[in-house]
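Structure record follows, encoded as structure tokens.
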Amino acid sequence: MARAGITADRLARAAAEVADELGFDHVTGSAVARRLGVKEPSLYAHIRNARELKVRVALLALQEMADQTAAAIAGRAGKDALTALAGVYRDYARTHPGRYAASRHELDPETAADSAGPRHAEMLRALLRGYDLPEPCQTDAVRFLGGAIHGYVSLEAAGSFSHTPRDTDASWAWALDTLDLALRARSANPD
């Protein structure tokens with residue numbers, strides 16, 4: 001029987017808070033139980049195991065980022081949309097580092113299909129319509145943008161850019177300009 005006061009949503013949000021404060025790798029049943037002020041066994045009325053707890057954080061993160069991205073890119077196109085989308089991911093990683101890490105967590109195919117993950121791909125494809133890329137270039141561009149944006153954000157979060165004096169915001173702007181140029185160049189020559 002589920003403990004009064006604990007809901008699946010409250011459990012996921014508590015786990016997400018643990019992820020942001022301690023790191024996604026530290027999301028455990030015992031850590032979440034401490035946050036909620038309950039004994040760990042009471043969590044298992046809502047989850048089967050610790051993996052499911054991490055999956056719930058991943059699903060929450062994907063949903064939050066998808067909602068923020070949709071709002072940010074609405075009515076935008078081309079570089080303006082690209083900058084808005086990338087900015088959401090970067091800001092989310094800075095504000096919610098553990099949740100951002102969770103959004104990269106591998107999900108089984110059925111869970112992934114039912115998650116907000118496909119919305120992210122749809123929004124990237126909508127953004128790419130402004131660059132007039134045909135298939136299979138569009139699929140390549142989705143992967144290219146995902147790798148470039150998430151790669152930069154992950155390296156920045158890990159402190160990998162702290163060894164040089166150049167401001168990371170300047171490098172970020174340069175990277176987005178370069179992505180836009182690359183997409184425009186590919187649209188002119190898709191083969």
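For the structure tokens, the naming scheme is as follows: chains receive sequential letters (A, B, ...) according to their order of presentation, residues are indexed from 1 within each chain, and ligands are indexed from 1 in presentation order.
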
Using only C-alpha atoms, find each residue in region 68-114 of chain A having at least one atom no more than 10 Å away from region 50-61 of chain A; report its shortest atom-to-atom pair and that distance in Å (one decimal), rows by chain then rising number, as a tab-separated table.
residue	atom	partner	partner_atom	distance
A:Tyr92	CA	A:Ala61	CA	9.1
A:His96	CA	A:Ala61	CA	8.8
A:Gly98	CA	A:Val57	CA	9.0
A:Arg99	CA	A:Ala61	CA	5.4
A:Tyr100	CA	A:Ala61	CA	6.5
A:Ala101	CA	A:Ala58	CA	8.2
A:Ala102	CA	A:Ala58	CA	4.5
A:Ser103	CA	A:Ala58	CA	4.7
A:Arg104	CA	A:Ala58	CA	7.5
A:His105	CA	A:Ala58	CA	6.3
A:Glu106	CA	A:Val55	CA	8.4
A:Leu107	CA	A:Val55	CA	7.1
A:Asp108	CA	A:Val55	CA	9.5
A:Thr111	CA	A:Leu59	CA	8.8
A:Ala112	CA	A:Leu59	CA	8.6
A:Asp114	CA	A:Leu59	CA	9.3

Would you export the selected residues with C-alpha atoms as a PDB file, in the first residue's frame, please?
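Written out: result_32.pdb:
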ATOM      1  CA  TYR A  92      18.676  23.955 -17.989  1.00  0.00           C
ATOM      2  CA  HIS A  96      19.431  21.668 -12.989  1.00  0.00           C
ATOM      3  CA  GLY A  98      21.524  16.519 -12.158  1.00  0.00           C
ATOM      4  CA  ARG A  99      18.319  16.586 -14.170  1.00  0.00           C
ATOM      5  CA  TYR A 100      20.263  17.538 -17.271  1.00  0.00           C
ATOM      6  CA  ALA A 101      22.513  14.509 -16.730  1.00  0.00           C
ATOM      7  CA  ALA A 102      19.361  12.424 -16.257  1.00  0.00           C
ATOM      8  CA  SER A 103      18.027  13.597 -19.611  1.00  0.00           C
ATOM      9  CA  ARG A 104      20.975  11.770 -21.227  1.00  0.00           C
ATOM     10  CA  HIS A 105      20.129   8.535 -19.319  1.00  0.00           C
ATOM     11  CA  GLU A 106      19.478   5.569 -21.591  1.00  0.00           C
ATOM     12  CA  LEU A 107      15.831   4.507 -21.659  1.00  0.00           C
ATOM     13  CA  ASP A 108      14.416   1.253 -22.982  1.00  0.00           C
ATOM     14  CA  THR A 111       9.842   4.155 -22.402  1.00  0.00           C
ATOM     15  CA  ALA A 112      11.820   6.366 -24.773  1.00  0.00           C
ATOM     16  CA  ASP A 114       6.481   7.346 -24.651  1.00  0.00           C
TER      17      ASP A 114
END

**OP:** Identify all residues of chain A in helix (DSSP H, G or I) (DSSP on the backbone) and supply them as a PyMOL selection string.
**Re:** chain A and resi 8-22+24-26+29-36+40-45+50-73+78-95+97-103+109-114+117-129+137-157+168-188

**OP:** Would you kindly return, as a list in words, each protein, DNA or RNA residue with an atom no farther than 12 Å from any atom of Gly159 (chain A), considering only C-alpha atoms and excluding same-chain residues fewer than 5 positions away?
**Re:**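 Near neighbours after the sequence-gap exclusion: Arg94, Tyr152, Val153, Ser154, Thr164 and Thr168 of chain A.
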
Original post:
With only C-alpha atoms as the basis for distance, which of A:Gly117, A:Gly37, A:Pro136, A:Gly23 is at the shortest distance from Asp67 (chain A)?
Top reply: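 Going through A:Gly117, A:Gly37, A:Pro136, A:Gly23 one by one, the smallest distance to Asp67 (chain A) is for A:Gly117.
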
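Around Ala126 (chain A), within 12 Å and counting only C-alpha atoms, the residues found are A:Thr69, A:Ala70, A:Ile73, A:Ala74, A:Gly75, A:Arg76, A:Ala77, A:Gly78, A:Ala81, A:Leu82, A:Leu85, A:Arg119, A:His120, A:Ala121, A:Glu122, A:Gly130, A:Tyr131, A:Asp132, A:Leu133, A:Gln138, A:Thr139, A:Ala141, A:Val142, once anything fewer than 4 positions away on its own chain is removed.
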
**OP:** Pick out the residues sitting within 9 Å of Arg35 (chain A), and hand them over as a ChimeraX atom specification; count only C-alpha atoms, and ignore anything fewer than 4 positions along from it in its own chain.
**Re:** /A:14-15,17-18,30-31

**OP:** Considering only C-alpha atoms, state which residue in the set A:Leu176, A:Asp167, A:Glu40, A:Leu124 is at the smallest distance from Arg143 (chain A).
**Re:**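 The closest residue to Arg143 (chain A) is A:Leu124.
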
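The spacing separating CA of Ser187 (chain A) from CA of Ala173 (chain A) amounts to 21.1 Å.
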